[in-house]
Amino acid sequence: MLNCVTLMGRLVADPELRTTTTGKAVCNFRIAVDRSYAKPGEQRQADFITIVTWESTANFVSRYFTKGSMIAIQGSIQTRSYEDNAGNKRTAFEVVAREVSFCGSKAETGTAYAPAPAAAAPAPSYQTAAPGDFEEIDDDEDLPF
């Protein structure tokens, strides 16, 4: 069996970090993922997907991501059943993320890290090749691969 999900999208709200009764950190958030196709003349649609992270990944997400941040996620789909306030049975589909990565620009992620500017290197110079610099190899043998 295979249950692998890879998504890239933007957070639609700030992530919510909570702690379970056993002391484990859990973070819930939703991301908007654009669909890859739009009919001509129509605007591209997006899917809104609920993501759950646990422990150190939950702390990482709550610390470094905010509403509008671009995020990449790898995980699996899980379902769970629950009863709503009206007593109806419902099923929730969520992606449980094992790995979470930045995928926006550094300015977009809000990190304080700024690398030192690189020393300006001289631009490489290229010379134009003379016609005699290349010659045709006349070899009718079979290639070794």
# chains A, B, ... in the order shown; residues from 1 in each chain; ligands from 1
>>> select_by_dssp(residues="segment 72-111 of chain A", states="helix (DSSP H, G or I)", output="list in words")
Lys106, Ala107, Glu108 and Thr109 of chain A
>>> write_last_selection(atoms="N, CA, C and O atoms", output="short mmCIF file (atom, residue, chain, number, x, y, z; two decimals), in the first residue's frame")
data_model
loop_
_atom_site.label_atom_id
_atom_site.label_comp_id
_atom_site.auth_asym_id
_atom_site.auth_seq_id
_atom_site.Cartn_x
_atom_site.Cartn_y
_atom_site.Cartn_z
N LYS A 106 13.38 34.42 1.14
CA LYS A 106 13.74 34.69 2.53
C LYS A 106 12.97 35.87 3.08
O LYS A 106 12.57 35.88 4.23
N ALA A 107 12.73 36.88 2.26
CA ALA A 107 11.96 38.04 2.71
C ALA A 107 10.53 37.63 3.01
O ALA A 107 9.91 38.12 3.94
N GLU A 108 10.01 36.67 2.25
CA GLU A 108 8.64 36.22 2.41
C GLU A 108 8.46 35.37 3.66
O GLU A 108 7.44 35.42 4.32
N THR A 109 9.49 34.59 4.03
CA THR A 109 9.37 33.71 5.19
C THR A 109 9.56 34.47 6.49
O THR A 109 9.23 33.95 7.55
#
>>> residues_around(residues="Gly9 of chain A", least_positions_apart="2", cutoff="10 Å", atoms="only C-alpha atoms", output="MDAnalysis selection string")
chainID A and resid 7 11:12 30:34 46:49 68:73 103:104
>>> residues_around(residues="Thr66 of chain A", least_positions_apart="6", cutoff="7 Å", atoms="only C-alpha atoms", output="MDAnalysis selection string")
chainID A and resid 11 13:15
>>> atom_distance(atom1="atom CA of Met1 of chain A", atom2="atom CA of Thr50 of chain A")
22.6 Å
>>> atom_distance(atom1="atom CA of Arg10 of chain A", atom2="atom CA of Trp54 of chain A")
19.3 Å
>>> closest_residue(among="A:Glu55, A:Val5, A:Asp84, A:Gln78", to="Thr22 of chain A", atoms="only C-alpha atoms")
A:Glu55
>>> residues_around(residues="Val26 of chain A", least_positions_apart="4", cutoff="12 Å", atoms="only C-alpha atoms", output="list in words")
Pro15, Glu16, Leu17, Arg18, Thr19, Thr20, Thr21, Thr22, Ile51, Val52, Thr53, Trp54, Glu55, Ser56, Thr57, Ala58, Asn59, Phe60, Val61, Ser62, Val96 and Ala97 of chain A
>>> atom_distance(atom1="atom CA of Glu99 of chain A", atom2="atom CA of Gly23 of chain A")
21.0 Å
>>> residues_around(residues="Ser81 of chain A", least_positions_apart="3", cutoff="12 Å", atoms="only C-alpha atoms", output="PDB file with all heavy atoms, in the first residue's frame")
ATOM      1  N   GLN A  78      -4.899  10.995   6.267  1.00  0.00           N
ATOM      2  CA  GLN A  78      -5.566  10.215   7.304  1.00  0.00           C
ATOM      3  C   GLN A  78      -7.000  10.678   7.405  1.00  0.00           C
ATOM      4  O   GLN A  78      -7.308  11.846   7.156  1.00  0.00           O
ATOM      5  CB  GLN A  78      -4.881  10.395   8.662  1.00  0.00           C
ATOM      6  CG  GLN A  78      -3.605   9.632   8.791  1.00  0.00           C
ATOM      7  CD  GLN A  78      -3.068   9.640  10.214  1.00  0.00           C
ATOM      8  OE1 GLN A  78      -3.632  10.248  11.108  1.00  0.00           O
ATOM      9  NE2 GLN A  78      -1.957   8.962  10.399  1.00  0.00           N
ATOM     10  N   ASP A  84     -20.583  15.867  15.069  1.00  0.00           N
ATOM     11  CA  ASP A  84     -20.674  17.328  15.171  1.00  0.00           C
ATOM     12  C   ASP A  84     -21.636  17.726  16.276  1.00  0.00           C
ATOM     13  O   ASP A  84     -22.225  16.869  16.960  1.00  0.00           O
ATOM     14  CB  ASP A  84     -21.040  17.950  13.818  1.00  0.00           C
ATOM     15  CG  ASP A  84     -22.439  17.591  13.349  1.00  0.00           C
ATOM     16  OD1 ASP A  84     -23.231  17.025  14.128  1.00  0.00           O
ATOM     17  OD2 ASP A  84     -22.742  17.882  12.176  1.00  0.00           O
ATOM     18  N   ASN A  88     -24.574  14.670  14.192  1.00  0.00           N
ATOM     19  CA  ASN A  88     -24.347  13.989  12.916  1.00  0.00           C
ATOM     20  C   ASN A  88     -22.937  13.407  12.870  1.00  0.00           C
ATOM     21  O   ASN A  88     -21.992  14.039  13.335  1.00  0.00           O
ATOM     22  CB  ASN A  88     -24.535  14.960  11.742  1.00  0.00           C
ATOM     23  CG  ASN A  88     -25.924  15.541  11.705  1.00  0.00           C
ATOM     24  OD1 ASN A  88     -26.908  14.839  11.893  1.00  0.00           O
ATOM     25  ND2 ASN A  88     -26.005  16.838  11.476  1.00  0.00           N
ATOM     26  N   LYS A  89     -22.824  12.214  12.271  1.00  0.00           N
ATOM     27  CA  LYS A  89     -21.501  11.606  12.122  1.00  0.00           C
ATOM     28  C   LYS A  89     -20.812  12.235  10.914  1.00  0.00           C
ATOM     29  O   LYS A  89     -21.400  12.364   9.844  1.00  0.00           O
ATOM     30  CB  LYS A  89     -21.612  10.091  11.953  1.00  0.00           C
ATOM     31  CG  LYS A  89     -22.037   9.407  13.230  1.00  0.00           C
ATOM     32  CD  LYS A  89     -21.938   7.912  13.108  1.00  0.00           C
ATOM     33  CE  LYS A  89     -22.299   7.287  14.452  1.00  0.00           C
ATOM     34  NZ  LYS A  89     -22.022   5.859  14.464  1.00  0.00           N
ATOM     35  N   ARG A  90     -19.578  12.622  11.094  1.00  0.00           N
ATOM     36  CA  ARG A  90     -18.779  13.277  10.049  1.00  0.00           C
ATOM     37  C   ARG A  90     -17.449  12.553   9.893  1.00  0.00           C
ATOM     38  O   ARG A  90     -16.987  11.877  10.812  1.00  0.00           O
ATOM     39  CB  ARG A  90     -18.504  14.737  10.402  1.00  0.00           C
ATOM     40  CG  ARG A  90     -19.712  15.579  10.627  1.00  0.00           C
ATOM     41  CD  ARG A  90     -20.320  15.962   9.330  1.00  0.00           C
ATOM     42  NE  ARG A  90     -21.451  16.845   9.570  1.00  0.00           N
ATOM     43  CZ  ARG A  90     -22.190  17.313   8.606  1.00  0.00           C
ATOM     44  NH1 ARG A  90     -21.932  17.005   7.374  1.00  0.00           N
ATOM     45  NH2 ARG A  90     -23.200  18.091   8.896  1.00  0.00           N
ATOM     46  N   THR A  91     -16.835  12.726   8.742  1.00  0.00           N
ATOM     47  CA  THR A  91     -15.498  12.191   8.496  1.00  0.00           C
ATOM     48  C   THR A  91     -14.600  13.342   8.078  1.00  0.00           C
ATOM     49  O   THR A  91     -14.954  14.125   7.193  1.00  0.00           O
ATOM     50  CB  THR A  91     -15.519  11.123   7.385  1.00  0.00           C
ATOM     51  OG1 THR A  91     -16.402  10.073   7.778  1.00  0.00           O
ATOM     52  CG2 THR A  91     -14.139  10.552   7.150  1.00  0.00           C
ATOM     53  N   ALA A  92     -13.454  13.452   8.710  1.00  0.00           N
ATOM     54  CA  ALA A  92     -12.482  14.497   8.379  1.00  0.00           C
ATOM     55  C   ALA A  92     -11.314  13.867   7.625  1.00  0.00           C
ATOM     56  O   ALA A  92     -10.834  12.789   7.996  1.00  0.00           O
ATOM     57  CB  ALA A  92     -11.992  15.172   9.646  1.00  0.00           C
ATOM     58  N   PHE A  93     -10.887  14.523   6.561  1.00  0.00           N
ATOM     59  CA  PHE A  93      -9.708  14.119   5.809  1.00  0.00           C
ATOM     60  C   PHE A  93      -8.613  15.138   6.096  1.00  0.00           C
ATOM     61  O   PHE A  93      -8.827  16.332   5.931  1.00  0.00           O
ATOM     62  CB  PHE A  93     -10.007  14.092   4.305  1.00  0.00           C
ATOM     63  CG  PHE A  93     -10.907  12.966   3.901  1.00  0.00           C
ATOM     64  CD1 PHE A  93     -12.281  13.069   4.031  1.00  0.00           C
ATOM     65  CD2 PHE A  93     -10.367  11.798   3.402  1.00  0.00           C
ATOM     66  CE1 PHE A  93     -13.113  12.036   3.670  1.00  0.00           C
ATOM     67  CE2 PHE A  93     -11.190  10.755   3.025  1.00  0.00           C
ATOM     68  CZ  PHE A  93     -12.572  10.865   3.162  1.00  0.00           C
ATOM     69  N   GLU A  94      -7.449  14.666   6.520  1.00  0.00           N
ATOM     70  CA  GLU A  94      -6.337  15.548   6.861  1.00  0.00           C
ATOM     71  C   GLU A  94      -5.049  14.980   6.292  1.00  0.00           C
ATOM     72  O   GLU A  94      -4.933  13.776   6.081  1.00  0.00           O
ATOM     73  CB  GLU A  94      -6.172  15.642   8.381  1.00  0.00           C
ATOM     74  CG  GLU A  94      -7.406  16.069   9.114  1.00  0.00           C
ATOM     75  CD  GLU A  94      -7.318  15.840  10.606  1.00  0.00           C
ATOM     76  OE1 GLU A  94      -6.714  14.847  11.036  1.00  0.00           O
ATOM     77  OE2 GLU A  94      -7.874  16.678  11.334  1.00  0.00           O
TER      78      GLU A  94
END
